[in-house]
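One structure is given below, encoded as structure tokens.
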2 protein chains.
Amino acid sequence: MMSPAIILSRPQLGENIGAAARAMANFGLSDLRLAAPRCAWPNQKAVAMAAGASELVDAVRVFPEVRDAIGDLNFILATTARDRGIARDVLTPEKAAKTLRAAAARGEKTGILFGNERAGLDNEEISFCDAVITIPTAEFASINLAQAVLIASYEWFRSGDATPPARLDRTSLRRKPTRAELLATFEHLEGELLASGFLYPPDKVEGMCRAIRATLHRARLTYQETQTLRGMIVALTKGKHRVRKTP
Amino acid sequence: MMSPAIILSRPQLGENIGAAARAMANFGLSDLRLAAPRCAWPNQKAVAMAAGASELVDAVRVFPEVRDAIGDLNFILATTARDRGIARDVLTPEKAAKTLRAAAARGEKTGILFGNERAGLDNEEISFCDAVITIPTAEFASINLAQAVLIASYEWFRSGDATPPARLDRTSLRRKPTRAELLATFEHLEGELLASGFLYPPDKVEGMCRAIRATLHRARLTYQETQTLRGMIVALTKGKHRVRKTP
């Protein structure tokens with residue numbers, strides 16, 4: 001079974017990347033991706049911290065932005081400590097591992113997205129993902145980046161024994177959209193909602209889009225369903241008088 | 001319930017001690033002890049890596065030998081990656097946490113002993129302990145010291161009766177629509193899709209509606225989200241030329 005990709009957004013410290021790589025290797029993960037790293041890459045401190053996991057560090061792929069790093073994936077979880085106030089699924093690491101196993105068993109490419117050491121993930125990055133993982137903690141909730149990767153990897157490994165065989169229901173035969181396809185669908189809808197005046201006023205647009213994306217993520221659309229949704233948008237807007245706003 | 005002491009035997013790197021302290025604080029442990037540290041103490045790198053857990057670093061106690069560091073404890077587990085060929089209980093971290101909880105519940109003072117970064121624990125040190133914890137890993141079994149402390153601490157926290165759910169996510173606070181409200185939303189959408197010609201030909205309409213409803217059911221919409229969806233439909237269809245079909 002294909003293990004999840006680990007995507008680090010704007011990581012600052014080579015040490016953390018190396019420690020994350022080592023943790024991944026401990027628990028059978030191998031696909032590490034960096035989006036817009038804030039440190040030099042390749043990075044000697046990462047190699048040093050990776051210890052015996054240097055192969056994994058050598059194979060790291062670097063992308064200009066998160067959306068590029070996740071474009072080929074079908075199912076993605078975001079890790080965050082904070083409640084962002086948007087209704088979406090919040091999973092424990094244990095539940096997340098089971099959910100990822102189920103997705104992988106259906107043939108989906110999966111990933112887990114981790115934010116920058118200081119700022120975490122921003123709201124747009126979270127809007128790219130299907131659901132959120134929050135690691136339960138004591139009062140002191142600020143977990144080191146590499147240690148968060150470790151917990152996610154450890155739970156993935158632990159969940160292996162109990163993986164049920166993939167159920168061959170019709171769902172499992174349907175292809176999930178790649179993240180690039182899903183984001184294109186979101187942007188199609190948002191473009192029409194903006195043109196229609198639904199997304200208004202401007203300072204609320206970002207928050208409204210995030211809420212809509214969270215709703216759609218929960219539906220776990222198949223590729224066919226994204227196409228249906230796009231067809232519905234085209235049909236609903238066909239033959240409209242465009243309301244043009246004067247600048 | 002009193003949480004276990006963490007005892008590090010001959011630690012070499014201040015960074016690992018600091019990262020271990022941070023991991024302990026994340027999961028509600030507070031008693032960190034060093035036996036014969038190989039690095040300077042106090043240690044600036046430890047303070048830096050501990051981030052917000054500096055109180056815990058300030059409270060670290062240093063002992064000349066492991067036997068001094070564990071003298072006041074009643075029940076102690078040793079962490080080791082290797083099978084030492086001695087017949088003794090080998091626990092997973094999960095089972096270890098339950099065992100420690102049971103001991104603490106009996107009023108015993110508990111501890112977990114971790115070896116030096118390079119050499120691990122020696123046989124005498126293991127002989128001081130009641131049982132052994134081995135963290136299950138993939139082929140690459142060499143776990144960083146702070147990350148081993150993290151897993152033990154994480155499992156301790158998880159095993160607590162009082163472990164809270166990841167977070168009281170807002171979803172659970174938001175009202176779900178009544179089935180009447182949900183069906184009204186479906187019918188609003190279907191009415192517009194029928195008017196737009198999307199639901200066509202007539203003998204396919206029922207099946208298409210069922211598929212759309214299945215997608216929407218999966219999103220488990222809140223009441224507010226049904227209202228948002230209806231607002232989107234109104235906005236997208238506003239100002240349309242209606243295509244009237246001649247009967």
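Labels for the structure tokens follow display order: chains A, B, ..., residues from 1 in each chain, ligands from 1.
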Contacts of B:Ala59 within 10 Å, only C-alpha atoms, excl. fewer than 5 positions in-chain, as a CSV table (one decimal) with N, CA and C atoms, in the first residue's frame:
```
chain,number,residue,atom,x,y,z
B,30,SER,N,6.2,16.3,33.2
B,30,SER,CA,6.9,17.5,33.7
B,30,SER,C,8.3,17.2,34.4
B,31,ASP,N,8.5,15.9,34.7
B,31,ASP,CA,9.6,15.5,35.6
B,31,ASP,C,10.7,14.9,34.7
B,32,LEU,N,11.7,15.8,34.3
B,32,LEU,CA,12.8,15.4,33.4
B,32,LEU,C,14.1,15.3,34.2
B,33,ARG,N,14.8,14.1,34.1
B,33,ARG,CA,16.0,13.9,34.9
B,33,ARG,C,17.1,13.5,33.9
B,54,SER,N,10.3,26.1,28.6
B,54,SER,CA,11.6,26.4,29.3
B,54,SER,C,11.4,26.1,30.8
```
Please, which residues of stretch 62-238 of chain A, numbered as in this document, come out alpha helix (DSSP H) from DSSP, as a PDB file with C-alpha atoms, in the first residue's frame?
```
ATOM      1  CA  VAL A  66       1.919  24.165  -1.973  1.00  0.00           C
ATOM      2  CA  ARG A  67      -0.548  23.840  -4.849  1.00  0.00           C
ATOM      3  CA  ASP A  68       2.235  22.514  -7.094  1.00  0.00           C
ATOM      4  CA  ALA A  69       3.419  20.105  -4.414  1.00  0.00           C
ATOM      5  CA  PRO A  93      -3.827  11.310  14.273  1.00  0.00           C
ATOM      6  CA  GLU A  94      -5.143   7.793  14.893  1.00  0.00           C
ATOM      7  CA  LYS A  95      -8.373   8.396  12.996  1.00  0.00           C
ATOM      8  CA  ALA A  96      -6.429  10.243  10.298  1.00  0.00           C
ATOM      9  CA  ALA A  97      -4.192   7.206   9.756  1.00  0.00           C
ATOM     10  CA  LYS A  98      -7.208   4.956   9.299  1.00  0.00           C
ATOM     11  CA  THR A  99      -8.773   7.449   6.891  1.00  0.00           C
ATOM     12  CA  LEU A 100      -5.551   7.644   4.882  1.00  0.00           C
ATOM     13  CA  ARG A 101      -5.303   3.835   4.777  1.00  0.00           C
ATOM     14  CA  ALA A 102      -8.844   3.606   3.492  1.00  0.00           C
ATOM     15  CA  ALA A 103      -8.112   6.176   0.774  1.00  0.00           C
ATOM     16  CA  ALA A 104      -4.882   4.422  -0.219  1.00  0.00           C
ATOM     17  CA  ALA A 105      -6.738   1.102  -0.323  1.00  0.00           C
ATOM     18  CA  ASN A 123      -6.215  29.500   5.555  1.00  0.00           C
ATOM     19  CA  GLU A 124      -5.734  29.113   1.825  1.00  0.00           C
ATOM     20  CA  GLU A 125      -3.450  26.123   2.362  1.00  0.00           C
ATOM     21  CA  ILE A 126      -6.015  24.518   4.636  1.00  0.00           C
ATOM     22  CA  SER A 127      -8.656  25.133   1.964  1.00  0.00           C
ATOM     23  CA  LEU A 145       7.369  20.369  13.160  1.00  0.00           C
ATOM     24  CA  ALA A 146       9.451  17.183  12.992  1.00  0.00           C
ATOM     25  CA  GLN A 147       7.628  15.784  16.018  1.00  0.00           C
ATOM     26  CA  ALA A 148       4.265  16.415  14.393  1.00  0.00           C
ATOM     27  CA  VAL A 149       5.529  14.535  11.315  1.00  0.00           C
ATOM     28  CA  LEU A 150       6.676  11.756  13.646  1.00  0.00           C
ATOM     29  CA  ILE A 151       3.273  11.342  15.264  1.00  0.00           C
ATOM     30  CA  ALA A 152       1.495  11.263  11.913  1.00  0.00           C
ATOM     31  CA  SER A 153       4.022   8.716  10.585  1.00  0.00           C
ATOM     32  CA  TYR A 154       3.879   6.595  13.740  1.00  0.00           C
ATOM     33  CA  GLU A 155       0.098   6.420  13.584  1.00  0.00           C
ATOM     34  CA  TRP A 156       0.253   5.503   9.892  1.00  0.00           C
ATOM     35  CA  PHE A 157       2.590   2.620  10.717  1.00  0.00           C
ATOM     36  CA  ARG A 158       0.507   1.484  13.707  1.00  0.00           C
ATOM     37  CA  ARG A 170     -18.874   1.187  -6.586  1.00  0.00           C
ATOM     38  CA  THR A 171     -17.279   4.116  -4.799  1.00  0.00           C
ATOM     39  CA  SER A 172     -13.897   2.452  -4.843  1.00  0.00           C
ATOM     40  CA  LEU A 173     -14.073   2.065  -8.592  1.00  0.00           C
ATOM     41  CA  ARG A 179      -5.904  18.094  -6.341  1.00  0.00           C
ATOM     42  CA  ALA A 180      -5.236  20.204  -9.452  1.00  0.00           C
ATOM     43  CA  GLU A 181      -8.599  19.107 -10.912  1.00  0.00           C
ATOM     44  CA  LEU A 182     -10.374  19.814  -7.650  1.00  0.00           C
ATOM     45  CA  LEU A 183      -8.859  23.279  -7.293  1.00  0.00           C
ATOM     46  CA  ALA A 184      -9.845  24.087 -10.894  1.00  0.00           C
ATOM     47  CA  THR A 185     -13.425  23.143  -9.980  1.00  0.00           C
ATOM     48  CA  PHE A 186     -13.357  25.394  -6.908  1.00  0.00           C
ATOM     49  CA  GLU A 187     -11.986  28.247  -8.988  1.00  0.00           C
ATOM     50  CA  HIS A 188     -14.642  27.776 -11.658  1.00  0.00           C
ATOM     51  CA  LEU A 189     -17.387  28.043  -9.036  1.00  0.00           C
ATOM     52  CA  GLU A 190     -15.738  30.968  -7.262  1.00  0.00           C
ATOM     53  CA  GLY A 191     -15.269  32.833 -10.542  1.00  0.00           C
ATOM     54  CA  GLU A 192     -18.973  32.578 -11.317  1.00  0.00           C
ATOM     55  CA  LEU A 193     -19.980  33.493  -7.780  1.00  0.00           C
ATOM     56  CA  LEU A 194     -17.738  36.546  -7.970  1.00  0.00           C
ATOM     57  CA  ALA A 195     -19.202  37.562 -11.346  1.00  0.00           C
ATOM     58  CA  PRO A 202     -14.528  42.134  -1.094  1.00  0.00           C
ATOM     59  CA  ASP A 203     -13.165  41.782   2.439  1.00  0.00           C
ATOM     60  CA  LYS A 204     -15.475  38.821   3.033  1.00  0.00           C
ATOM     61  CA  VAL A 205     -14.621  36.994  -0.202  1.00  0.00           C
ATOM     62  CA  GLU A 206     -11.699  34.989   1.149  1.00  0.00           C
ATOM     63  CA  GLY A 207     -13.607  33.742   4.161  1.00  0.00           C
ATOM     64  CA  MET A 208     -16.667  32.877   2.087  1.00  0.00           C
ATOM     65  CA  CYS A 209     -14.534  30.891  -0.371  1.00  0.00           C
ATOM     66  CA  ARG A 210     -12.888  29.003   2.479  1.00  0.00           C
ATOM     67  CA  ALA A 211     -16.267  28.061   3.902  1.00  0.00           C
ATOM     68  CA  ILE A 212     -17.514  26.864   0.515  1.00  0.00           C
ATOM     69  CA  ARG A 213     -14.355  24.813  -0.043  1.00  0.00           C
ATOM     70  CA  ALA A 214     -14.696  23.233   3.384  1.00  0.00           C
ATOM     71  CA  THR A 215     -18.234  22.158   2.527  1.00  0.00           C
ATOM     72  CA  LEU A 216     -17.167  20.693  -0.802  1.00  0.00           C
ATOM     73  CA  HIS A 217     -14.188  18.889   0.724  1.00  0.00           C
ATOM     74  CA  ARG A 218     -16.527  17.138   3.102  1.00  0.00           C
ATOM     75  CA  TYR A 223     -13.794  13.155 -10.600  1.00  0.00           C
ATOM     76  CA  GLN A 224     -17.149  12.546 -12.241  1.00  0.00           C
ATOM     77  CA  GLU A 225     -18.853  14.615  -9.575  1.00  0.00           C
ATOM     78  CA  THR A 226     -16.497  17.539 -10.140  1.00  0.00           C
ATOM     79  CA  GLN A 227     -17.491  17.387 -13.800  1.00  0.00           C
ATOM     80  CA  THR A 228     -21.161  17.248 -12.844  1.00  0.00           C
ATOM     81  CA  LEU A 229     -20.706  20.266 -10.592  1.00  0.00           C
ATOM     82  CA  ARG A 230     -19.009  22.193 -13.389  1.00  0.00           C
ATOM     83  CA  GLY A 231     -21.812  21.225 -15.752  1.00  0.00           C
ATOM     84  CA  MET A 232     -24.351  22.491 -13.219  1.00  0.00           C
ATOM     85  CA  ILE A 233     -22.530  25.817 -12.903  1.00  0.00           C
ATOM     86  CA  VAL A 234     -22.437  26.228 -16.677  1.00  0.00           C
ATOM     87  CA  ALA A 235     -26.141  25.372 -16.920  1.00  0.00           C
ATOM     88  CA  LEU A 236     -27.181  27.683 -14.101  1.00  0.00           C
ATOM     89  CA  THR A 237     -25.280  30.673 -15.506  1.00  0.00           C
TER      90      THR A 237
END
```
Next on the checklist: After least-squares alignment of chain B to chain A over all Cα atoms in order, what RMSD do you get?
Outcome noted: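 After superposition, the RMSD is 23.7 Å.
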Checklist entry - Counting only C-alpha atoms, which of B:Thr178, B:Asn74, B:Thr222, B:Thr137 gets nearest to chain A? => result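 Checking each candidate against chain A, we get B:Thr137 as the closest.
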Item to check | DSSP strand (DSSP E) selection over stretch 103-145 of chain B, as a list in words | outcome: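 In stretch 103-145 of chain B, DSSP puts these residues in strand (DSSP E): Thr110, Gly111, Ile112, Leu113, Phe114, Ala131, Val132 and Ile133 of chain B.
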Selection file, N, CA, C and O atoms, as a PDB file, in the first residue's frame:
```pdb
ATOM      1  N   THR B 110       6.290   6.434  38.875  1.00  0.00           N
ATOM      2  CA  THR B 110       6.738   5.717  37.674  1.00  0.00           C
ATOM      3  C   THR B 110       7.770   6.516  36.890  1.00  0.00           C
ATOM      4  O   THR B 110       7.902   7.729  37.058  1.00  0.00           O
ATOM      5  N   GLY B 111       8.479   5.810  36.026  1.00  0.00           N
ATOM      6  CA  GLY B 111       9.461   6.478  35.185  1.00  0.00           C
ATOM      7  C   GLY B 111       9.744   5.684  33.915  1.00  0.00           C
ATOM      8  O   GLY B 111       9.441   4.487  33.836  1.00  0.00           O
ATOM      9  N   ILE B 112      10.261   6.391  32.915  1.00  0.00           N
ATOM     10  CA  ILE B 112      10.687   5.739  31.670  1.00  0.00           C
ATOM     11  C   ILE B 112      12.135   6.143  31.419  1.00  0.00           C
ATOM     12  O   ILE B 112      12.464   7.336  31.408  1.00  0.00           O
ATOM     13  N   LEU B 113      12.973   5.151  31.197  1.00  0.00           N
ATOM     14  CA  LEU B 113      14.412   5.366  31.049  1.00  0.00           C
ATOM     15  C   LEU B 113      14.819   5.253  29.589  1.00  0.00           C
ATOM     16  O   LEU B 113      14.463   4.285  28.906  1.00  0.00           O
ATOM     17  N   PHE B 114      15.560   6.252  29.113  1.00  0.00           N
ATOM     18  CA  PHE B 114      16.033   6.281  27.723  1.00  0.00           C
ATOM     19  C   PHE B 114      17.555   6.300  27.688  1.00  0.00           C
ATOM     20  O   PHE B 114      18.187   6.998  28.475  1.00  0.00           O
ATOM     21  N   ALA B 131      10.347  -3.636  33.008  1.00  0.00           N
ATOM     22  CA  ALA B 131      10.054  -4.208  31.697  1.00  0.00           C
ATOM     23  C   ALA B 131      10.632  -3.281  30.643  1.00  0.00           C
ATOM     24  O   ALA B 131      11.179  -2.218  30.950  1.00  0.00           O
ATOM     25  N   VAL B 132      10.519  -3.716  29.389  1.00  0.00           N
ATOM     26  CA  VAL B 132      11.118  -2.983  28.283  1.00  0.00           C
ATOM     27  C   VAL B 132      10.022  -2.484  27.344  1.00  0.00           C
ATOM     28  O   VAL B 132       9.036  -3.179  27.104  1.00  0.00           O
ATOM     29  N   ILE B 133      10.210  -1.248  26.841  1.00  0.00           N
ATOM     30  CA  ILE B 133       9.352  -0.724  25.774  1.00  0.00           C
ATOM     31  C   ILE B 133      10.152  -0.792  24.476  1.00  0.00           C
ATOM     32  O   ILE B 133      11.293  -0.327  24.424  1.00  0.00           O
TER      33      ILE B 133
END
```
Next on the checklist: I'd like the contact shell of stretch 40-51 of chain A - 8 Å cut-off, only C-alpha atoms, skipping same-chain residues fewer than 4 positions apart - returned as a PyMOL selection string.
Outcome noted: chain A and resi 14-22+57
